[in-house]
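Printed here is input.txt (compact mmCIF, C-alpha atoms (C1' of nucleotides)):
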```txt
# COMPACT_ATOMS: atom_id res chain seq x y z
CA MET A 1443 19.80 3.53 1.18
CA PRO A 1444 18.75 5.47 4.13
CA GLU A 1445 19.50 4.86 7.73
CA LEU A 1446 21.48 7.16 9.94
CA PRO A 1447 24.98 5.94 8.95
CA GLU A 1448 24.18 6.18 5.23
CA VAL A 1449 22.65 9.64 5.61
CA GLU A 1450 25.63 10.76 7.70
CA THR A 1451 27.92 9.50 4.93
CA VAL A 1452 25.97 11.48 2.35
CA ALA A 1453 26.15 14.59 4.54
CA ARG A 1454 29.91 14.23 4.87
CA ILE A 1455 30.38 13.78 1.12
CA LEU A 1456 28.22 16.83 0.41
CA ARG A 1457 30.25 18.84 2.93
CA GLU A 1458 33.71 17.71 1.94
CA GLY A 1459 33.37 16.23 -1.52
CA SER A 1460 34.75 12.86 -2.54
CA GLY A 1461 37.48 13.04 -5.13
CA PRO A 1462 37.58 15.11 -8.32
CA GLN A 1463 34.38 13.56 -9.64
CA ARG A 1464 32.42 14.77 -6.62
CA PRO A 1465 33.31 18.26 -5.42
CA PRO A 1466 31.74 19.60 -2.23
CA LEU A 1467 28.25 21.06 -2.28
CA ALA A 1468 28.96 23.30 0.69
CA GLY A 1469 29.56 26.89 -0.40
CA ARG A 1470 28.05 26.48 -3.87
CA VAL A 1471 25.31 28.69 -5.25
CA ILE A 1472 22.07 27.29 -6.66
CA ARG A 1473 21.44 28.98 -10.00
CA GLN A 1474 18.19 27.26 -10.73
CA ALA A 1475 16.13 24.29 -9.56
CA ARG A 1476 14.16 21.91 -11.77
CA VAL A 1477 11.39 19.81 -10.24
CA LEU A 1478 10.79 16.77 -12.44
CA TRP A 1479 8.40 14.97 -10.09
CA PRO A 1480 6.42 17.56 -8.10
CA ARG A 1481 5.09 15.11 -5.51
CA GLU A 1482 8.63 14.75 -4.24
CA VAL A 1483 8.51 18.37 -3.03
CA SER A 1484 6.50 18.55 0.16
CA GLY A 1485 4.78 21.43 1.93
CA ILE A 1486 5.29 24.04 -0.78
CA PRO A 1487 4.14 24.18 -4.40
CA ALA A 1488 6.92 23.32 -6.84
CA PRO A 1489 6.93 26.74 -8.56
CA ALA A 1490 7.39 28.52 -5.22
CA PHE A 1491 10.09 26.04 -4.27
CA VAL A 1492 11.97 26.77 -7.49
CA ARG A 1493 11.62 30.52 -7.03
CA ARG A 1494 12.77 30.57 -3.43
CA VAL A 1495 15.93 28.48 -3.74
CA ALA A 1496 17.26 30.32 -6.81
CA GLY A 1497 20.34 32.38 -6.03
CA ARG A 1498 20.86 30.85 -2.60
CA ARG A 1499 24.17 29.57 -1.35
CA VAL A 1500 24.49 26.27 0.54
CA ALA A 1501 25.97 27.56 3.77
CA ALA A 1502 25.89 24.45 5.97
CA ILE A 1503 24.99 20.77 5.81
CA SER A 1504 23.80 18.79 8.80
CA ARG A 1505 21.51 15.90 9.71
CA HIS A 1506 18.82 14.92 12.20
CA GLY A 1507 17.94 11.26 12.18
CA LYS A 1508 17.49 10.33 8.54
CA TYR A 1509 16.85 13.92 7.41
CA LEU A 1510 19.54 15.88 5.60
CA ILE A 1511 19.44 19.59 6.40
CA LEU A 1512 20.88 22.16 4.00
CA GLU A 1513 21.06 25.72 5.25
CA LEU A 1514 20.55 28.16 2.37
CA ARG A 1515 21.55 31.77 2.67
CA GLY A 1516 21.19 34.71 0.33
CA ALA A 1517 24.19 34.80 -1.98
CA GLU A 1518 25.25 38.39 -1.43
CA ASP A 1519 28.82 37.29 -1.92
CA GLY A 1520 28.59 37.20 -5.69
CA GLY A 1521 25.50 35.13 -6.28
CA VAL A 1522 22.26 36.16 -7.91
CA ALA A 1523 20.06 38.38 -5.74
CA ASP A 1524 16.98 36.74 -4.29
CA SER A 1525 14.21 38.98 -5.55
CA SER A 1526 11.33 36.80 -4.37
CA SER A 1527 11.77 37.13 -0.64
CA ALA A 1528 11.14 40.17 1.50
CA SER A 1529 14.22 39.41 3.60
CA PRO A 1530 16.78 37.60 1.46
CA ARG A 1531 19.27 37.38 4.29
CA GLN A 1532 16.99 35.23 6.42
CA PRO A 1533 18.22 31.65 6.18
CA LEU A 1534 16.08 29.04 4.53
CA PHE A 1535 16.40 25.34 5.23
CA MET A 1536 16.06 22.69 2.60
CA LEU A 1537 15.59 19.21 4.03
CA ALA A 1538 15.71 15.92 2.20
CA HIS A 1539 14.56 12.46 3.22
CA LEU A 1540 15.83 9.63 1.01
CA ARG A 1541 13.21 7.10 2.17
CA MET A 1542 13.76 3.82 0.36
CA SER A 1543 15.71 4.59 -2.79
CA GLY A 1544 16.72 8.25 -2.75
CA ARG A 1545 20.22 9.42 -3.61
CA LEU A 1546 21.66 12.89 -3.41
CA ASP A 1547 24.80 13.55 -5.45
CA VAL A 1548 26.79 16.40 -6.93
CA VAL A 1549 27.29 15.49 -10.59
CA PRO A 1550 28.33 17.25 -13.80
CA GLU A 1551 25.33 19.15 -15.14
CA ALA A 1552 25.42 17.05 -18.29
CA ASP A 1553 24.79 13.93 -16.19
CA ALA A 1554 22.07 15.40 -14.00
CA PHE A 1555 18.93 14.38 -15.86
CA THR A 1556 18.92 10.63 -15.37
CA PRO A 1557 15.70 8.61 -15.83
CA HIS A 1558 14.97 8.69 -12.08
CA ALA A 1559 16.05 12.27 -11.40
CA ARG A 1560 13.21 13.90 -9.41
CA VAL A 1561 14.72 17.26 -8.45
CA VAL A 1562 17.84 18.83 -9.93
CA TRP A 1563 19.57 21.96 -8.67
CA LEU A 1564 21.85 23.58 -11.25
CA LEU A 1565 24.93 24.96 -9.50
CA ASP A 1566 27.82 27.16 -10.48
CA ASP A 1567 30.76 25.95 -12.61
CA GLY A 1568 28.82 23.30 -14.54
CA TRP A 1569 27.88 21.14 -11.59
CA ALA A 1570 24.46 20.07 -10.38
CA LEU A 1571 22.92 18.52 -7.27
CA ARG A 1572 20.69 15.61 -8.23
CA PHE A 1573 17.97 13.89 -6.19
CA ASP A 1574 17.59 10.54 -7.89
CA ASP A 1575 14.84 8.29 -6.53
CA ALA A 1576 13.58 5.26 -8.41
CA ARG A 1577 10.68 4.57 -6.06
CA LYS A 1578 9.49 8.15 -5.67
CA PHE A 1579 9.13 7.86 -1.89
CA GLY A 1580 11.74 10.49 -1.12
CA ARG A 1581 10.80 14.00 -0.06
CA VAL A 1582 12.34 17.47 -0.22
CA TYR A 1583 11.14 20.25 2.10
CA LEU A 1584 11.77 23.99 2.24
CA THR A 1585 11.17 25.87 5.47
CA GLU A 1586 12.33 28.77 7.58
CA ARG A 1587 12.26 26.60 10.71
CA VAL A 1588 13.79 23.13 10.70
CA SER A 1589 11.44 22.13 13.50
CA ASP A 1590 8.51 22.46 11.11
CA VAL A 1591 9.79 19.23 9.57
CA THR A 1592 11.72 17.50 12.34
CA GLY A 1593 9.83 18.79 15.38
CA LYS A 1594 8.01 15.56 16.14
CA LEU A 1595 11.10 13.38 15.91
CA GLY A 1596 12.87 12.01 18.94
CA PRO A 1597 16.46 12.97 19.67
CA ASP A 1598 19.02 12.00 17.08
CA ALA A 1599 20.16 8.46 17.78
CA LEU A 1600 23.80 9.55 17.93
CA SER A 1601 23.22 12.63 20.08
CA VAL A 1602 21.30 10.82 22.78
CA ASN A 1603 23.55 9.29 25.41
CA PRO A 1604 22.96 5.72 26.62
CA GLN A 1605 21.66 6.86 30.01
CA GLU A 1606 19.06 9.10 28.41
CA PHE A 1607 18.21 6.33 25.95
CA ALA A 1608 17.67 3.88 28.80
CA ALA A 1609 15.40 6.25 30.68
CA ARG A 1610 13.25 6.81 27.60
CA LEU A 1611 13.14 3.10 26.82
CA LEU A 1612 12.07 2.09 30.31
CA ALA A 1613 9.05 4.38 29.97
CA LYS A 1614 7.79 2.40 26.96
CA ARG A 1615 5.58 -0.66 26.96
CA GLY A 1616 5.84 -2.36 23.58
CA ALA A 1617 8.32 -4.73 21.91
CA LEU A 1618 11.90 -3.58 21.44
CA LYS A 1619 12.12 -3.80 17.65
CA PRO A 1620 9.18 -1.50 16.85
CA ILE A 1621 10.36 0.94 19.53
CA LEU A 1622 13.80 1.20 17.92
CA LEU A 1623 12.18 1.83 14.53
CA ASP A 1624 9.87 4.54 15.91
CA GLN A 1625 11.42 7.83 14.81
CA HIS A 1626 9.51 9.61 17.58
CA PHE A 1627 11.42 7.54 20.12
CA ILE A 1628 14.86 8.12 18.66
CA ALA A 1629 15.56 9.32 15.13
CA GLY A 1630 17.86 7.50 12.75
CA VAL A 1631 17.60 3.76 13.40
CA GLY A 1632 16.13 1.65 10.59
CA ASN A 1633 15.54 -2.04 10.01
CA ILE A 1634 19.15 -3.11 9.53
CA TYR A 1635 20.71 -1.24 12.43
CA ALA A 1636 17.82 -2.19 14.72
CA ASP A 1637 18.46 -5.90 14.13
CA GLU A 1638 22.22 -5.50 14.48
CA SER A 1639 21.85 -3.44 17.68
CA LEU A 1640 19.54 -6.01 19.30
CA PHE A 1641 21.99 -8.78 18.46
CA LEU A 1642 24.89 -6.82 19.94
CA ALA A 1643 22.85 -6.20 23.11
CA ARG A 1644 21.76 -9.88 23.25
CA LEU A 1645 18.11 -8.83 23.44
CA HIS A 1646 15.25 -10.54 21.60
CA PRO A 1647 13.40 -8.28 19.14
CA THR A 1648 9.98 -9.09 20.61
CA ARG A 1649 11.11 -8.64 24.20
CA LEU A 1650 8.83 -6.14 25.93
CA ALA A 1651 10.52 -2.97 27.12
CA ALA A 1652 8.65 -3.24 30.41
CA THR A 1653 10.52 -6.47 31.23
CA LEU A 1654 13.99 -4.95 30.89
CA THR A 1655 16.29 -4.26 33.79
CA ALA A 1656 18.04 -0.90 33.94
CA ASP A 1657 21.20 -2.71 32.90
CA ASP A 1658 19.48 -4.24 29.85
CA ALA A 1659 18.25 -0.83 28.75
CA LEU A 1660 21.65 0.75 29.14
CA ARG A 1661 23.27 -2.11 27.24
CA LEU A 1662 20.85 -1.60 24.35
CA GLY A 1663 21.57 2.13 24.32
CA GLU A 1664 25.28 1.44 24.10
CA ALA A 1665 24.71 -1.20 21.41
CA VAL A 1666 22.68 1.19 19.24
CA ARG A 1667 25.37 3.82 19.53
CA GLN A 1668 28.18 1.37 18.75
CA THR A 1669 26.33 -0.15 15.79
CA LEU A 1670 25.68 3.27 14.24
CA LEU A 1671 29.31 4.31 14.76
CA ASP A 1672 30.49 1.08 13.15
CA GLY A 1673 28.18 1.76 10.22
CA ILE A 1674 29.54 5.28 9.80
CA ALA A 1675 33.12 4.01 10.02
CA ALA A 1676 32.33 1.72 7.06
CA ASN A 1677 30.70 4.61 5.14
CA GLY A 1678 27.34 2.91 5.61
CA ALA A 1679 26.08 -0.23 3.95
CA SER A 1680 25.57 -0.77 0.22
CA PHE A 1681 22.12 -1.95 -0.83
CA ASP A 1682 22.22 -3.94 -4.05
CA TRP A 1683 21.07 -1.82 -7.00
CA VAL A 1684 19.94 1.12 -4.88
CA TYR A 1685 23.06 2.38 -3.21
CA PRO A 1686 26.66 1.49 -3.93
CA GLY A 1687 28.63 3.13 -1.18
CA GLY A 1688 30.10 1.72 1.97
CA ASN A 1689 30.87 -1.82 3.01
CA TYR A 1690 29.07 -2.24 6.32
CA GLN A 1691 27.00 -5.02 4.74
CA GLU A 1692 30.13 -7.15 5.05
CA HIS A 1693 29.84 -6.80 8.83
CA PHE A 1694 26.19 -7.79 9.24
CA LYS A 1695 25.86 -10.43 11.95
CA VAL A 1696 22.14 -11.16 11.63
CA TYR A 1697 20.51 -8.90 9.02
CA GLY A 1698 19.95 -10.80 5.77
CA ARG A 1699 21.59 -13.93 7.25
CA ALA A 1700 18.50 -16.10 7.85
CA GLY A 1701 19.49 -19.76 7.93
CA LEU A 1702 23.21 -19.01 8.16
CA PRO A 1703 25.08 -19.86 11.36
CA CYS A 1704 25.14 -17.33 14.15
CA VAL A 1705 28.63 -15.84 14.31
CA ASP A 1706 28.71 -16.52 18.06
CA CYS A 1707 26.96 -19.84 18.70
CA GLY A 1708 26.63 -21.43 15.26
CA ARG A 1709 22.90 -22.01 15.42
CA PRO A 1710 20.96 -20.76 12.38
CA VAL A 1711 19.90 -17.12 12.36
CA ARG A 1712 16.12 -16.87 12.29
CA ARG A 1713 13.88 -14.52 10.35
CA ILE A 1714 10.46 -13.49 11.62
CA VAL A 1715 8.14 -10.58 10.91
CA VAL A 1716 7.69 -8.01 13.67
CA GLY A 1717 5.53 -4.96 13.07
CA GLN A 1718 5.46 -5.82 9.36
CA ARG A 1719 9.21 -5.65 9.13
CA SER A 1720 11.51 -8.55 8.46
CA THR A 1721 13.51 -9.22 11.60
CA HIS A 1722 16.65 -11.30 12.02
CA PHE A 1723 17.99 -12.68 15.27
CA CYS A 1724 19.61 -15.61 17.02
CA ALA A 1725 17.12 -17.41 19.25
CA ALA A 1726 19.92 -18.84 21.38
CA CYS A 1727 21.90 -15.64 21.93
CA GLN A 1728 19.09 -13.11 22.27
CA MET A 1729 16.59 -13.24 25.12
C1' DG B 447 4.06 -13.58 -11.88
C1' DG B 448 4.84 -13.54 -6.95
C1' DG B 449 7.56 -12.07 -3.28
C1' DC B 450 10.64 -9.05 -1.47
C1' DA B 451 12.80 -4.45 -0.34
C1' DT B 452 16.82 0.28 3.76
C1' DG B 453 10.80 4.20 5.11
C1' DT B 454 6.74 6.86 6.63
C1' DT B 455 1.96 7.85 7.59
C1' DA B 456 -3.24 7.80 7.79
C1' DG B 457 -6.92 5.29 9.50
C1' DC B 458 -8.70 2.26 12.62
C1' DA B 459 -9.34 -0.90 16.76
C1' DC B 460 -8.52 -1.72 21.48
C1' DT C 1283 -2.89 8.43 25.22
C1' DG C 1284 -0.30 4.57 23.84
C1' DT C 1285 0.07 0.57 21.12
C1' DG C 1286 -0.23 -2.04 17.06
C1' DC C 1287 -2.26 -3.62 12.85
C1' DT C 1288 -3.38 -2.77 7.72
C1' DA C 1289 -3.01 -0.36 3.64
C1' DA C 1290 -0.96 2.89 0.80
C1' DC C 1291 2.75 5.31 -1.54
C1' DA C 1292 5.74 3.34 -6.50
C1' DT C 1293 9.22 0.81 -8.53
C1' DG C 1294 12.67 -2.65 -9.56
C1' DC C 1295 15.07 -6.91 -8.77
C1' DC C 1296 15.21 -11.97 -8.19
```

So that I can check it, write out the structure of this file as C-alpha cells.
Amino acid sequence: MPELPEVETVARILREGSGPQRPPLAGRVIRQARVLWPREVSGIPAPAFVRRVAGRRVAAISRHGKYLILELRGAEDGGVADSSSASPRQPLFMLAHLRMSGRLDVVPEADAFTPHARVVWLLDDGWALRFDDARKFGRVYLTERVSDVTGKLGPDALSVNPQEFAARLLAKRGALKPILLDQHFIAGVGNIYADESLFLARLHPTRLAATLTADDALRLGEAVRQTLLDGIAANGASFDWVYPGGNYQEHFKVYGRAGLPCVDCGRPVRRIVVGQRSTHFCAACQM
DNA sequence: GGGCATGTTAGCAC
DNA sequence: TGTGCTAACATGCC
C-alpha cells in the first residue's frame, strides 16, 4: 500500500491511534520482538535485532519518503532495563519500508500471529505491533543513525518546496515519469501519485525534463505537492486485497482508468509502459 | 495458466 | 557520471 500519503496515514495512526480497536503506538514499551521471517530484517542479524529492541519505548514516530521512522529510547520510566547496550539512553531508530504489500498495525496480542506476520513486537497491556507482509518485500531496519538508511534519498516530497523541486528537475535529462519515481530525486512519490501529478500538471509522462520551461517545472512541483496532500486528506488510497484504508482511489483521474474517458476532455485515457511501470495519461491533455 | 500488481536494487550497456 | 534497461525478490488475485 505504500506511497507517501499511505505511509503518512500509517504514521498518523501509529502516533494517535484510531478508535478503541487501535490504540496509539507512541509511548508504548516493546516487551519482546519475534522475527518470523528473518529476511525482512535488514542490516542486523535477527537475534541482535530482537535483543536490542527489547525494553525500549517508542518515543516518536516520523517519516521520510516511504520510510516510517520509530525512535526508540531506553524505558527508564518503568520499562525493562536494556542490558544489552553499553549506553541504553542512546536513542535507536527502527525504520520500516512497506514496499508492495506491507502493513503495520497495533493489534491485540491474540491477533498478532497472522499467516503473513513477518515481525511482531509484543507491547505492554496485551497489545502488539504487527508487520504483516504477504509478498515479503518489506524491510525493517535498526540503526543509531537514520541517515544510514535514508541517507541516499532525495528530500521528502512534501518537505521540498516547488521552487526547489523545479531547480532539481531542470538539472535532469531523462523522461518525467522515471524521474518522479526515482527516490534519489525526491522521496515518496510512487506509480499512482506520479501519474496523477503529471495529469494535474498537464505534462506527458515521457516528456524530457530538458525540454521543460521554468514554468512547466514549477507547475509540476506544485502538482506533486497538491496530489500528495489530496491523498493524505483522503487517508491514502485503498489497494484491493492489500490495503483497506483511505478512499483516494475514488479520486483517481488517470491511474487505473485506461480506456475510460478523460475527466477533462472525454477522450480515452491511455496506458503505456514507461521504465517498466504501467503509466496512465491523456494524450490530448498532457504534452 | 498467464498476466498483472502500490517498490527497490544489482548488474550491465551506452 | 548519468541514464535506462533487465532481472530478481515472492506472493496473490483476476

- Message: For a test of reading the model, state the distance in Å between atom CA of Gly1497 of chain A and atom CA of Ala1517 of chain A, rounded to one decimal.
- Response: 6.1 Å

- Message: Counting all atoms listed in the file, a student should be able to say which residues of chain C come within 9 Å of chain A; what is the right answer, written as a count of residues only?
- Response: 9

- What does the distance between atom CA of Arg1712 of chain A and atom CA of Val1449 of chain A come to in Å, to one decimal place?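 Answer for the atom CA of Arg1712 of chain A to atom CA of Val1449 of chain A separation: 28.1 Å.
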
- Pull out every residue of chain A sitting within 12 Å of chain B, counting all atoms listed in the file, and send them as a PyMOL selection string. chain A and resi 1443-1449+1508-1509+1539-1544+1577-1581+1623-1626+1630-1636+1678-1685+1691+1697-1698+1719-1720

- Tell me, as a PyMOL selection string, which residues lie within 12 Å of segment 1467-1472 of chain A, counting all atoms listed in the file; anything in the same chain fewer than 6 positions away does not count. chain A and resi 1452-1460+1492-1504+1511-1524+1536+1546-1549+1562-1572

- Long-range neighbours of Leu1600 of chain A as a list in words, 9 Å cut-off, only C-alpha atoms (C1' of nucleotides), 6 positions minimum in chain: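 In the requested form, the answer reads Leu1446, Gly1507, Ala1629, Gly1630, Val1666, Arg1667, Leu1670 and Leu1671 of chain A.
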
- Interatomic distance, atom CA of Arg1649 of chain A to atom CA of Tyr1690 of chain A (Å, one decimal): 26.1 Å
